[in-house]
$ cat query16.cif   # mmCIF, C-alpha atoms and all ligand atoms
data_entry
loop_
_atom_site.label_atom_id
_atom_site.label_comp_id
_atom_site.auth_asym_id
_atom_site.auth_seq_id
_atom_site.Cartn_x
_atom_site.Cartn_y
_atom_site.Cartn_z
CA MET G 1 1.11 -3.07 -57.22
CA ALA G 2 0.49 0.67 -57.46
CA ASN G 3 2.33 3.15 -55.32
CA VAL G 4 0.69 6.44 -54.45
CA ALA G 5 2.05 9.99 -54.30
CA VAL G 6 0.10 12.58 -52.35
CA ILE G 7 0.68 16.24 -53.17
CA GLY G 8 -1.05 19.49 -52.24
CA ALA G 9 -2.95 21.08 -55.14
CA GLN G 10 -3.26 24.60 -53.69
CA TRP G 11 -0.91 26.51 -51.34
CA GLY G 12 -0.53 23.85 -48.68
CA ASP G 13 -2.48 22.96 -45.54
CA GLU G 14 -5.12 21.15 -47.60
CA GLY G 15 -5.54 18.46 -44.96
CA LYS G 16 -2.83 16.14 -46.29
CA GLY G 17 -2.22 14.77 -42.77
CA LYS G 18 -5.56 13.00 -42.54
CA VAL G 19 -5.45 11.67 -46.11
CA VAL G 20 -1.84 10.51 -45.79
CA ASP G 21 -2.63 8.83 -42.49
CA TRP G 22 -5.65 7.12 -44.04
CA LEU G 23 -3.52 5.86 -46.93
CA ALA G 24 -0.56 5.01 -44.66
CA SER G 25 -2.56 2.27 -43.03
CA ARG G 26 -2.74 0.61 -46.49
CA ALA G 27 0.94 1.17 -47.33
CA ASP G 28 4.12 -0.65 -46.29
CA ILE G 29 6.50 2.31 -46.47
CA VAL G 30 5.87 6.06 -46.23
CA VAL G 31 8.47 8.33 -47.81
CA ARG G 32 9.08 12.07 -47.61
CA PHE G 33 10.74 13.38 -50.78
CA GLN G 34 11.03 17.18 -50.52
CA GLY G 35 10.76 20.09 -48.12
CA GLY G 36 11.90 19.98 -44.54
CA HIS G 37 10.50 20.88 -41.15
CA ASN G 38 8.57 23.75 -42.75
CA ALA G 39 5.77 21.19 -43.27
CA GLY G 40 3.21 20.53 -40.59
CA HIS G 41 1.04 17.44 -40.59
CA THR G 42 -1.42 16.88 -37.79
CA LEU G 43 -2.52 13.30 -37.19
CA VAL G 44 -5.00 11.97 -34.69
CA VAL G 45 -4.32 8.28 -34.04
CA ASN G 46 -6.16 6.42 -31.28
CA GLY G 47 -7.10 9.71 -29.65
CA GLU G 48 -3.49 10.96 -29.58
CA THR G 49 -2.63 14.08 -31.62
CA TYR G 50 0.76 14.02 -33.34
CA LYS G 51 2.19 17.14 -34.94
CA LEU G 52 4.80 16.00 -37.43
CA SER G 53 7.07 18.30 -39.39
CA LEU G 54 9.85 16.10 -40.69
CA LEU G 55 8.98 12.53 -39.78
CA PRO G 56 6.96 10.57 -42.36
CA SER G 57 3.37 10.14 -41.19
CA GLY G 58 3.43 6.36 -41.52
CA LEU G 59 5.43 6.11 -38.28
CA ALA G 60 2.23 6.77 -36.36
CA ARG G 61 0.77 3.64 -38.01
CA GLY G 62 3.81 1.47 -37.31
CA LYS G 63 4.99 1.63 -40.94
CA LEU G 64 8.57 2.09 -42.08
CA GLY G 65 9.30 5.80 -42.55
CA VAL G 66 11.91 7.00 -45.03
CA ILE G 67 13.31 10.52 -45.42
CA GLY G 68 14.53 10.81 -49.00
CA ASN G 69 17.49 12.70 -50.45
CA GLY G 70 15.20 15.51 -51.67
CA VAL G 71 14.44 16.55 -48.10
CA VAL G 72 16.58 19.09 -46.24
CA ILE G 73 17.15 17.85 -42.69
CA ASP G 74 17.72 19.96 -39.61
CA PRO G 75 19.36 17.42 -37.28
CA GLU G 76 18.36 19.36 -34.16
CA ALA G 77 14.74 19.56 -35.31
CA LEU G 78 14.75 15.89 -36.29
CA LEU G 79 16.05 14.71 -32.92
CA ALA G 80 13.66 17.02 -31.06
CA GLU G 81 10.72 15.65 -33.07
CA ILE G 82 11.82 12.05 -32.49
CA GLY G 83 12.06 12.81 -28.75
CA ARG G 84 8.61 14.40 -28.75
CA VAL G 85 6.79 11.54 -30.50
CA ARG G 86 8.66 8.94 -28.46
CA GLY G 87 7.27 10.77 -25.41
CA GLN G 88 3.81 10.17 -26.88
CA GLY G 89 4.52 6.45 -27.16
CA LEU G 90 5.69 6.04 -30.78
CA THR G 91 8.59 3.74 -31.55
CA VAL G 92 11.25 5.49 -33.61
CA THR G 93 14.39 3.42 -34.12
CA PRO G 94 16.73 2.70 -37.04
CA GLU G 95 14.37 -0.24 -37.75
CA THR G 96 11.39 2.09 -38.27
CA LEU G 97 13.08 5.18 -39.72
CA ARG G 98 15.68 5.43 -42.49
CA ILE G 99 17.31 8.64 -43.71
CA ALA G 100 19.02 9.21 -47.05
CA GLU G 101 22.76 9.48 -46.52
CA ASN G 102 22.89 11.99 -49.38
CA ALA G 103 20.29 14.41 -47.96
CA ALA G 104 21.50 17.96 -47.26
CA LEU G 105 21.50 19.34 -43.73
CA ILE G 106 19.99 22.53 -42.38
CA LEU G 107 22.34 24.23 -39.90
CA PRO G 108 21.60 27.10 -37.49
CA LEU G 109 23.21 29.54 -39.94
CA HIS G 110 20.51 28.72 -42.51
CA GLY G 111 17.71 29.74 -40.16
CA ALA G 112 19.63 32.87 -39.19
CA LEU G 113 20.09 33.86 -42.85
CA ASP G 114 16.45 33.06 -43.70
CA ARG G 115 15.21 35.34 -40.90
CA ALA G 116 17.75 38.11 -41.53
CA ARG G 117 16.82 38.23 -45.21
CA GLU G 118 13.12 38.27 -44.45
CA SER G 119 13.46 41.22 -42.11
CA ALA G 120 15.66 43.04 -44.66
CA ARG G 121 12.90 42.55 -47.25
CA GLY G 122 10.45 44.48 -45.08
CA ALA G 123 7.06 44.80 -46.77
CA ARG G 124 8.27 42.61 -49.66
CA LYS G 125 8.93 39.63 -47.42
CA ILE G 126 7.97 36.16 -48.64
CA GLY G 127 6.57 35.08 -45.31
CA THR G 128 8.84 32.03 -45.01
CA THR G 129 8.67 29.75 -41.99
CA GLY G 130 12.10 31.11 -40.98
CA ARG G 131 13.47 27.59 -40.65
CA GLY G 132 16.32 27.89 -43.10
CA ILE G 133 14.71 25.89 -45.90
CA GLY G 134 15.62 28.29 -48.72
CA PRO G 135 19.27 28.86 -47.70
CA ALA G 136 19.78 25.09 -47.24
CA TYR G 137 18.51 24.32 -50.75
CA GLU G 138 20.65 27.16 -52.11
CA ASP G 139 23.75 25.55 -50.56
CA LYS G 140 22.78 22.18 -51.98
CA VAL G 141 22.52 23.54 -55.53
CA ALA G 142 25.71 25.55 -55.02
CA ARG G 143 27.51 22.28 -54.07
CA ARG G 144 28.63 23.44 -50.65
CA ALA G 145 25.97 21.73 -48.51
CA ILE G 146 26.90 19.49 -45.61
CA ARG G 147 25.13 16.20 -46.13
CA VAL G 148 24.14 13.44 -43.71
CA CYS G 149 27.05 11.23 -44.86
CA ASP G 150 29.57 14.00 -44.04
CA LEU G 151 28.80 13.50 -40.35
CA ALA G 152 30.87 10.31 -40.55
CA GLU G 153 33.95 12.16 -41.85
CA PRO G 154 35.25 14.82 -39.44
CA ASP G 155 37.90 16.03 -41.91
CA THR G 156 35.31 16.52 -44.66
CA LEU G 157 33.05 18.31 -42.19
CA SER G 158 35.82 20.63 -41.12
CA ALA G 159 36.77 21.58 -44.70
CA LYS G 160 33.15 22.05 -45.72
CA LEU G 161 32.45 24.27 -42.74
CA ASP G 162 35.29 26.56 -43.82
CA GLU G 163 33.69 26.99 -47.23
CA LEU G 164 30.21 27.39 -45.79
CA LEU G 165 31.22 29.96 -43.22
CA LEU G 166 33.15 32.04 -45.73
CA HIS G 167 29.91 32.38 -47.67
CA HIS G 168 27.41 32.69 -44.81
CA ASN G 169 29.33 34.88 -42.40
CA THR G 170 29.94 37.39 -45.19
CA LEU G 171 26.21 37.53 -45.88
CA LEU G 172 25.17 37.54 -42.21
CA ALA G 173 27.62 40.33 -41.36
CA GLY G 174 26.36 42.34 -44.34
CA LEU G 175 22.82 41.98 -43.06
CA GLY G 176 23.86 43.03 -39.56
CA ALA G 177 23.13 39.57 -38.13
CA GLU G 178 25.22 37.47 -35.76
CA THR G 179 27.95 35.34 -37.34
CA PHE G 180 28.99 31.75 -36.51
CA THR G 181 32.27 30.15 -35.50
CA LYS G 182 33.58 26.94 -36.97
CA GLU G 183 34.62 25.49 -33.62
CA ALA G 184 31.13 25.65 -32.13
CA LEU G 185 29.40 24.28 -35.28
CA LEU G 186 31.92 21.46 -35.71
CA ALA G 187 31.71 20.45 -32.07
CA ARG G 188 27.91 20.35 -32.18
CA LEU G 189 27.80 18.38 -35.45
CA LEU G 190 30.24 15.82 -34.08
CA GLU G 191 28.04 15.53 -31.00
CA LEU G 192 24.94 14.97 -33.14
CA ALA G 193 26.64 12.55 -35.57
CA PRO G 194 26.29 9.36 -33.45
CA GLN G 195 22.60 10.12 -32.92
CA ILE G 196 21.87 10.66 -36.63
CA LEU G 197 24.17 8.19 -38.41
CA PRO G 198 22.45 4.99 -37.21
CA PHE G 199 19.41 6.08 -39.28
CA ALA G 200 21.44 6.85 -42.43
CA GLU G 201 21.74 4.62 -45.49
CA PRO G 202 21.44 4.70 -49.28
CA VAL G 203 17.63 4.69 -49.18
CA TRP G 204 17.42 4.43 -52.98
CA GLU G 205 18.60 0.84 -52.66
CA ARG G 206 16.06 -0.12 -50.01
CA LEU G 207 13.25 1.57 -51.93
CA ASN G 208 14.17 -0.10 -55.22
CA GLU G 209 14.26 -3.48 -53.49
CA ALA G 210 10.93 -2.80 -51.82
CA ARG G 211 9.43 -1.88 -55.15
CA GLN G 212 10.74 -5.07 -56.75
CA ALA G 213 9.26 -7.08 -53.89
CA GLY G 214 5.85 -5.49 -54.56
CA ARG G 215 5.71 -3.49 -51.32
CA ARG G 216 3.36 -0.52 -51.36
CA ILE G 217 5.10 2.83 -51.16
CA LEU G 218 3.31 6.02 -50.20
CA PHE G 219 5.10 9.22 -51.19
CA GLU G 220 4.17 11.99 -48.78
CA GLY G 221 4.42 15.42 -50.36
CA ALA G 222 4.83 18.61 -48.35
CA GLN G 223 3.70 22.15 -49.20
CA ALA G 224 1.82 22.21 -52.53
CA VAL G 225 1.97 22.81 -56.27
CA MET G 226 1.32 26.57 -56.02
CA LEU G 227 4.38 26.75 -53.72
CA ASP G 228 6.52 24.77 -56.21
CA ASN G 229 9.76 26.57 -57.04
CA ASP G 230 9.10 26.34 -60.80
CA HIS G 231 5.35 26.13 -61.13
CA GLY G 232 4.10 28.13 -58.16
CA THR G 233 3.51 31.83 -57.59
CA TYR G 234 7.24 32.62 -57.76
CA PRO G 235 8.93 34.25 -55.85
CA PHE G 236 6.27 33.60 -53.18
CA VAL G 237 7.04 29.89 -53.14
CA THR G 238 9.12 27.40 -51.22
CA SER G 239 12.57 26.31 -52.38
CA SER G 240 11.82 22.77 -53.53
CA ASN G 241 9.81 21.22 -56.33
CA THR G 242 6.58 20.01 -54.83
CA VAL G 243 5.13 18.34 -57.93
CA SER G 244 4.80 14.55 -58.12
CA ALA G 245 7.86 14.17 -60.38
CA THR G 246 9.98 15.02 -57.34
CA ALA G 247 8.81 11.83 -55.64
CA ALA G 248 11.21 10.03 -58.01
CA SER G 249 14.22 12.35 -57.94
CA GLY G 250 13.82 13.02 -54.22
CA THR G 251 14.07 9.32 -53.29
CA GLY G 252 16.24 7.62 -55.91
CA LEU G 253 13.50 5.77 -57.75
CA GLY G 254 12.59 6.08 -61.42
CA PRO G 255 9.48 8.01 -62.49
CA GLN G 256 7.63 4.76 -63.20
CA ALA G 257 7.67 3.98 -59.49
CA VAL G 258 5.58 6.99 -58.47
CA GLY G 259 2.24 5.38 -59.29
CA PHE G 260 -1.11 7.06 -58.75
CA VAL G 261 -0.90 10.79 -58.07
CA LEU G 262 -3.48 12.05 -55.61
CA GLY G 263 -3.84 15.81 -55.32
CA ILE G 264 -5.34 17.24 -52.15
CA ALA G 265 -7.49 20.35 -52.29
CA LYS G 266 -9.76 22.05 -49.82
CA ALA G 267 -13.34 22.76 -50.90
CA TYR G 268 -12.32 26.41 -50.53
CA CYS G 269 -8.80 27.87 -50.54
CA THR G 270 -6.24 29.11 -48.01
CA ARG G 271 -2.70 30.43 -48.05
CA VAL G 272 -0.15 31.41 -45.42
CA GLY G 273 2.63 33.86 -46.13
CA SER G 274 2.63 36.60 -48.75
CA GLY G 275 1.90 36.44 -52.44
CA PRO G 276 -0.95 36.52 -54.92
CA PHE G 277 -4.27 34.92 -53.97
CA PRO G 278 -6.85 36.03 -56.55
CA THR G 279 -9.93 34.51 -54.85
CA GLU G 280 -9.00 35.74 -51.35
CA LEU G 281 -11.90 36.99 -49.22
CA THR G 282 -11.09 39.79 -46.82
CA ASP G 283 -14.74 40.15 -45.73
CA ASP G 284 -16.94 38.34 -43.19
CA THR G 285 -17.19 35.24 -45.38
CA GLY G 286 -13.39 34.92 -45.30
CA THR G 287 -13.43 35.24 -41.50
CA LEU G 288 -16.23 32.67 -41.29
CA LEU G 289 -14.28 30.15 -43.40
CA GLY G 290 -11.17 30.73 -41.27
CA ASP G 291 -13.04 30.30 -37.98
CA ARG G 292 -14.97 27.24 -39.08
CA GLY G 293 -11.99 25.64 -40.76
CA HIS G 294 -9.66 26.40 -37.80
CA GLU G 295 -7.28 27.99 -40.25
CA PHE G 296 -4.14 28.49 -38.21
CA GLY G 297 -0.73 27.23 -39.36
CA THR G 298 0.55 24.06 -37.66
CA VAL G 299 4.14 25.27 -37.87
CA THR G 300 3.78 29.03 -37.62
CA GLY G 301 0.49 29.44 -35.70
CA ARG G 302 -0.27 32.30 -38.14
CA ARG G 303 -3.86 32.86 -39.28
CA ARG G 304 -4.30 31.62 -42.82
CA ARG G 305 -5.78 33.80 -45.54
CA CYS G 306 -9.05 32.29 -46.84
CA GLY G 307 -10.98 32.50 -50.10
CA TRP G 308 -13.20 30.72 -52.60
CA PHE G 309 -12.13 27.57 -54.42
CA ASP G 310 -10.03 28.64 -57.40
CA ALA G 311 -10.69 26.05 -60.10
CA THR G 312 -8.35 27.78 -62.57
CA LEU G 313 -5.47 27.35 -60.17
CA VAL G 314 -6.30 23.77 -59.20
CA ARG G 315 -6.69 22.81 -62.87
CA GLN G 316 -3.18 24.19 -63.44
CA ALA G 317 -1.91 22.20 -60.42
CA VAL G 318 -3.59 19.07 -61.81
CA LYS G 319 -1.74 19.50 -65.11
CA VAL G 320 1.75 20.41 -63.89
CA GLY G 321 1.53 18.08 -60.90
CA GLY G 322 0.32 15.07 -62.91
CA VAL G 323 -2.70 14.70 -60.61
CA GLN G 324 -4.92 11.76 -61.53
CA GLY G 325 -7.46 12.05 -58.75
CA LEU G 326 -8.40 14.71 -56.25
CA ALA G 327 -9.06 14.32 -52.55
CA LEU G 328 -11.42 17.15 -51.62
CA THR G 329 -11.31 18.09 -47.95
CA LYS G 330 -13.31 20.25 -45.54
CA LEU G 331 -16.52 20.33 -47.58
CA ASP G 332 -18.41 20.74 -44.30
CA VAL G 333 -16.88 24.21 -43.78
CA LEU G 334 -19.17 25.43 -46.59
CA ASP G 335 -22.35 24.06 -44.94
CA GLY G 336 -25.12 26.64 -44.53
CA LEU G 337 -23.75 29.22 -46.98
CA PRO G 338 -26.61 30.43 -49.22
CA GLU G 339 -24.36 30.55 -52.24
CA ILE G 340 -20.83 29.48 -53.04
CA LYS G 341 -18.49 30.98 -55.60
CA VAL G 342 -15.88 29.18 -57.64
CA GLY G 343 -13.09 30.97 -59.52
CA VAL G 344 -13.22 29.96 -63.19
CA GLY G 345 -10.74 32.39 -64.74
CA TYR G 346 -8.99 35.73 -64.35
CA ARG G 347 -9.42 39.09 -65.95
CA ILE G 348 -6.07 40.84 -66.35
CA GLY G 349 -5.98 44.20 -68.10
CA GLY G 350 -9.29 43.49 -69.85
CA GLU G 351 -8.14 40.09 -71.13
CA LEU G 352 -9.61 36.76 -69.95
CA PHE G 353 -7.16 34.07 -68.79
CA ARG G 354 -7.84 30.37 -68.07
CA ARG G 355 -4.50 30.01 -66.32
CA LEU G 356 -2.45 32.07 -63.89
CA PRO G 357 0.31 33.79 -65.90
CA ALA G 358 3.88 33.53 -64.58
CA ALA G 359 4.72 37.25 -64.39
CA PRO G 360 4.34 38.68 -60.85
CA GLY G 361 2.70 41.88 -62.10
CA ALA G 362 0.03 39.92 -63.99
CA GLN G 363 -0.50 37.62 -60.98
CA ALA G 364 -0.99 40.56 -58.65
CA ALA G 365 -3.43 42.19 -61.10
CA ALA G 366 -5.51 39.02 -61.68
CA GLU G 367 -9.18 39.69 -60.94
CA PRO G 368 -11.11 36.45 -60.46
CA VAL G 369 -14.07 35.59 -62.66
CA TYR G 370 -16.63 33.68 -60.62
CA GLU G 371 -19.34 31.17 -61.22
CA THR G 372 -21.97 31.15 -58.45
CA LEU G 373 -23.38 27.86 -57.24
CA GLU G 374 -26.25 27.15 -54.93
CA GLY G 375 -25.30 26.39 -51.32
CA TRP G 376 -26.91 23.80 -49.03
CA ALA G 377 -28.53 24.19 -45.63
CA GLU G 378 -27.92 20.64 -44.38
CA SER G 379 -24.78 19.44 -42.61
CA THR G 380 -22.33 17.37 -44.63
CA ARG G 381 -20.11 16.76 -41.61
CA GLY G 382 -19.30 13.12 -41.14
CA ALA G 383 -20.92 11.96 -44.39
CA ARG G 384 -19.59 8.56 -45.45
CA SER G 385 -21.41 8.05 -48.76
CA TRP G 386 -22.68 10.17 -51.62
CA ALA G 387 -26.22 9.35 -50.49
CA ASP G 388 -25.51 11.22 -47.21
CA LEU G 389 -24.78 14.45 -49.10
CA PRO G 390 -27.37 17.10 -50.05
CA ALA G 391 -27.97 17.36 -53.81
CA ALA G 392 -26.43 20.85 -53.98
CA ALA G 393 -23.21 19.57 -52.35
CA VAL G 394 -22.96 16.74 -54.89
CA LYS G 395 -23.52 19.30 -57.65
CA TYR G 396 -20.73 21.46 -56.24
CA VAL G 397 -18.30 18.53 -56.24
CA ARG G 398 -19.30 17.49 -59.77
CA ARG G 399 -18.78 21.04 -61.05
CA ILE G 400 -15.32 21.13 -59.48
CA GLU G 401 -14.44 17.87 -61.23
CA GLU G 402 -15.45 19.36 -64.59
CA LEU G 403 -13.58 22.59 -64.06
CA VAL G 404 -10.31 21.11 -62.80
CA GLU G 405 -10.43 18.21 -65.27
CA ALA G 406 -9.81 15.52 -62.65
CA PRO G 407 -12.14 13.18 -60.78
CA VAL G 408 -12.73 13.54 -57.06
CA THR G 409 -11.60 10.13 -55.86
CA LEU G 410 -11.75 10.88 -52.12
CA LEU G 411 -13.99 13.22 -50.19
CA SER G 412 -13.19 14.06 -46.60
CA THR G 413 -16.10 15.32 -44.50
CA SER G 414 -14.58 15.79 -41.03
CA PRO G 415 -11.20 15.53 -39.30
CA GLU G 416 -12.12 11.95 -38.28
CA ARG G 417 -10.22 9.41 -40.32
CA ASP G 418 -13.27 7.32 -41.20
CA ASP G 419 -15.40 10.26 -42.32
CA THR G 420 -14.18 9.76 -45.85
CA ILE G 421 -16.03 8.89 -49.03
CA MET G 422 -13.80 6.77 -51.24
CA VAL G 423 -14.68 6.63 -54.91
CA ARG G 424 -11.53 4.87 -56.02
CA ASP G 425 -8.82 3.17 -53.95
CA PRO G 426 -5.60 4.86 -55.07
CA PHE G 427 -3.61 1.68 -54.30
CA ALA G 428 -5.97 -0.49 -56.38
CA ASP G 429 -4.12 -0.66 -59.72
P1 LIG G 501 9.74 28.36 -46.66
O1 LIG G 501 9.34 27.03 -47.21
O2 LIG G 501 9.88 28.37 -45.17
O3 LIG G 501 10.90 28.95 -47.38
O4 LIG G 501 8.52 29.38 -46.95
C1 LIG G 501 8.18 29.77 -48.29
C2 LIG G 501 6.67 29.89 -48.46
O5 LIG G 501 6.08 28.62 -48.35
C3 LIG G 501 5.99 30.76 -47.39
O6 LIG G 501 4.89 31.44 -47.99
C4 LIG G 501 5.47 29.75 -46.39
O7 LIG G 501 4.37 30.25 -45.67
C5 LIG G 501 5.08 28.63 -47.33
N1 LIG G 501 5.08 27.30 -46.68
C6 LIG G 501 6.15 26.54 -46.37
N2 LIG G 501 5.77 25.37 -45.83
C7 LIG G 501 4.42 25.37 -45.83
C8 LIG G 501 3.44 24.42 -45.41
O8 LIG G 501 3.72 23.31 -44.95
N3 LIG G 501 2.13 24.80 -45.58
C9 LIG G 501 1.80 25.99 -46.12
N4 LIG G 501 2.68 26.91 -46.52
C10 LIG G 501 3.98 26.61 -46.38
#
$ encode --input "query16.cif" --output "structure tokens"
Amino acid sequence: MANVAVIGAQWGDEGKGKVVDWLASRADIVVRFQGGHNAGHTLVVNGETYKLSLLPSGLARGKLGVIGNGVVIDPEALLAEIGRVRGQGLTVTPETLRIAENAALILPLHGALDRARESARGARKIGTTGRGIGPAYEDKVARRAIRVCDLAEPDTLSAKLDELLLHHNTLLAGLGAETFTKEALLARLLELAPQILPFAEPVWERLNEARQAGRRILFEGAQAVMLDNDHGTYPFVTSSNTVSATAASGTGLGPQAVGFVLGIAKAYCTRVGSGPFPTELTDDTGTLLGDRGHEFGTVTGRRRRCGWFDATLVRQAVKVGGVQGLALTKLDVLDGLPEIKVGVGYRIGGELFRRLPAAPGAQAAAEPVYETLEGWAESTRGARSWADLPAAAVKYVRRIEELVEAPVTLLSTSPERDDTIMVRDPFAD
């Protein structure tokens, strides 16, 4: 039985929520493997809108949700989100949600450092979500993180807080930000411990058993390949690896368990935060795409930058992310445009590139090379089969497939779950 990993193939916000929800109804377990509550997935289930940041989307479909060791968990944010969705009628109990005991925690000092550093960067800021994601991953790699399992050992917690505060208070004071006291942090963590620990376990064991028993696992990626810490537009990236390989290391399964890799891409392109965006449109067409596509961040509420589909970038994401099929979303946003451009390469200092180079200077200087395709006057909204699509829209999709070197296996034509054209069932193998 195939498992499926869903990852973003651009800079995030590709409409993963709808696709993951659609696939979750066919899965037994939905697992988050990286990122934290910087993600924002909007789901509409039975007329109810759920905004999830940390909880796996499958919970809204009554499936077991697992938060893997690769995720950084803010216990306050987790409990607040659980409280919120419970208020909307979802059942979240240790029977429906499991959390890796070896996942690292995000503490208030991480958010404080994230925000203090961003304001110190001034115009060179990364545009982070300010939720402490970067500092929490830094602590994990530096071997001083407090992990979920530490909540069960007050002495360990106390010793680890000493080490953590030595590091963080020095930095915070240097940046002119408020510092933290051990007493307050320890007291709060000990208060939270009995609320978090019932969800904790070695999830690698449960997931390996589930795999052996032939249960279907859906790996729910957050952010996207161009925000990957190695492969993205560094330093304007997030602090985790967002590629499909992380679905294994971030859960405690081997790479064979990951299964079919579905990349999600919008039929155009958006980005929040700073950083290079070669096909960005700062004109009326960009505004039109943003208005029609309701391009506002779920987590930050910030207006997203919009631009043409960048096939060079998505092809790169397909390769480094191991994408086997693409889910193309929001095709209807392009309806009625007389012509549509697709980025097919970059000109940098007079040289033509078929990939985005790694150096920040080259990335910033990349001028897109476009191919212009014919638009379509008809509406594609709500189409449920290829036959419902105008010929020019089919041509557009086919050209994208050629350029990115991956088949479009799902096409989403409206926010409604059933307005989806499935070419290949990702769980079918
Ligand atoms: P951080 O993950 O909060 O450190 O932010 C680093 C970069 O990733 C910033 O440009 C954010 O805007 C971006 N980012 C983080 N999470 C998401 C997401 O879920 N969607 C889109 N962009 C994101």
$ residues_around --input "query16.cif" --residues "G:Asp332" --least-positions-apart "4" --cutoff "6 Å" --atoms "only C-alpha atoms" --output "number ranges by chain"
G: 380-381, 413
$ residues_around --input "query16.cif" --residues "stretch 153-162 of chain G" --least-positions-apart "3" --cutoff "12 Å" --atoms "all atoms listed in the file" --output "compact mmCIF listing (two decimals) with C-alpha atoms, keeping the file's coordinate frame"
# COMPACT_ATOMS: atom_id res chain seq x y z
CA LEU G 105 21.50 19.34 -43.73
CA LEU G 107 22.34 24.23 -39.90
CA LEU G 109 23.21 29.54 -39.94
CA ASP G 139 23.75 25.55 -50.56
CA ARG G 143 27.51 22.28 -54.07
CA ARG G 144 28.63 23.44 -50.65
CA ALA G 145 25.97 21.73 -48.51
CA ILE G 146 26.90 19.49 -45.61
CA ARG G 147 25.13 16.20 -46.13
CA VAL G 148 24.14 13.44 -43.71
CA CYS G 149 27.05 11.23 -44.86
CA ASP G 150 29.57 14.00 -44.04
CA LEU G 165 31.22 29.96 -43.22
CA LEU G 166 33.15 32.04 -45.73
CA HIS G 167 29.91 32.38 -47.67
CA HIS G 168 27.41 32.69 -44.81
CA ASN G 169 29.33 34.88 -42.40
CA PHE G 180 28.99 31.75 -36.51
CA THR G 181 32.27 30.15 -35.50
CA LYS G 182 33.58 26.94 -36.97
CA GLU G 183 34.62 25.49 -33.62
CA ALA G 184 31.13 25.65 -32.13
CA LEU G 185 29.40 24.28 -35.28
CA LEU G 186 31.92 21.46 -35.71
CA ALA G 187 31.71 20.45 -32.07
CA ARG G 188 27.91 20.35 -32.18
CA LEU G 189 27.80 18.38 -35.45
CA LEU G 190 30.24 15.82 -34.08
CA GLU G 191 28.04 15.53 -31.00
CA ALA G 193 26.64 12.55 -35.57
CA PRO G 194 26.29 9.36 -33.45
CA LEU G 197 24.17 8.19 -38.41
$ residues_around --input "query16.cif" --residues "stretch 8-11 of chain G" --least-positions-apart "2" --cutoff "6 Å" --atoms "all atoms listed in the file" --output "PyMOL selection string"
chain G and resi 224-227+263-265+271+314+317
$ atom_distance --input "query16.cif" --atom1 "atom CA of G:Thr170" --atom2 "atom CA of G:Ala142"
16.0 Å
$ atom_distance --input "query16.cif" --atom1 "atom CA of G:Val404" --atom2 "atom CA of G:Val344"
9.3 Å
$ atom_distance --input "query16.cif" --atom1 "atom CA of G:Lys63" --atom2 "atom CA of G:Pro415"
21.4 Å
$ residues_around --input "query16.cif" --residues "G:Thr312" --least-positions-apart "5" --cutoff "10 Å" --atoms "only C-alpha atoms" --output "list in words"
Ala317, Val318, Val342, Gly343, Val344, Gly345, Tyr346, Phe353, Arg354, Arg355, Leu356, Pro368, Val369, Leu403 and Val404 of chain G
$ residues_near_ligand --input "query16.cif" --ligand "ligand LIG 501 (chain G)" --cutoff "9 Å" --atoms "all atoms listed in the file" --output "number ranges by chain"
G: 11-14, 35-41, 53, 114, 126-135, 222-224, 227-228, 235-240, 270-275, 297-300, 304
$ write_last_selection --input "query16.cif" --atoms "C-alpha atoms" --output "CSV table (one decimal), keeping the file's coordinate frame"
chain,number,residue,atom,x,y,z
G,11,TRP,CA,-0.9,26.5,-51.3
G,12,GLY,CA,-0.5,23.8,-48.7
G,13,ASP,CA,-2.5,23.0,-45.5
G,14,GLU,CA,-5.1,21.2,-47.6
G,35,GLY,CA,10.8,20.1,-48.1
G,36,GLY,CA,11.9,20.0,-44.5
G,37,HIS,CA,10.5,20.9,-41.2
G,38,ASN,CA,8.6,23.8,-42.8
G,39,ALA,CA,5.8,21.2,-43.3
G,40,GLY,CA,3.2,20.5,-40.6
G,41,HIS,CA,1.0,17.4,-40.6
G,53,SER,CA,7.1,18.3,-39.4
G,114,ASP,CA,16.4,33.1,-43.7
G,126,ILE,CA,8.0,36.2,-48.6
G,127,GLY,CA,6.6,35.1,-45.3
G,128,THR,CA,8.8,32.0,-45.0
G,129,THR,CA,8.7,29.8,-42.0
G,130,GLY,CA,12.1,31.1,-41.0
G,131,ARG,CA,13.5,27.6,-40.6
G,132,GLY,CA,16.3,27.9,-43.1
G,133,ILE,CA,14.7,25.9,-45.9
G,134,GLY,CA,15.6,28.3,-48.7
G,135,PRO,CA,19.3,28.9,-47.7
G,222,ALA,CA,4.8,18.6,-48.4
G,223,GLN,CA,3.7,22.2,-49.2
G,224,ALA,CA,1.8,22.2,-52.5
G,227,LEU,CA,4.4,26.8,-53.7
G,228,ASP,CA,6.5,24.8,-56.2
G,235,PRO,CA,8.9,34.2,-55.8
G,236,PHE,CA,6.3,33.6,-53.2
G,237,VAL,CA,7.0,29.9,-53.1
G,238,THR,CA,9.1,27.4,-51.2
G,239,SER,CA,12.6,26.3,-52.4
G,240,SER,CA,11.8,22.8,-53.5
G,270,THR,CA,-6.2,29.1,-48.0
G,271,ARG,CA,-2.7,30.4,-48.0
G,272,VAL,CA,-0.2,31.4,-45.4
G,273,GLY,CA,2.6,33.9,-46.1
G,274,SER,CA,2.6,36.6,-48.8
G,275,GLY,CA,1.9,36.4,-52.4
G,297,GLY,CA,-0.7,27.2,-39.4
G,298,THR,CA,0.6,24.1,-37.7
G,299,VAL,CA,4.1,25.3,-37.9
G,300,THR,CA,3.8,29.0,-37.6
G,304,ARG,CA,-4.3,31.6,-42.8
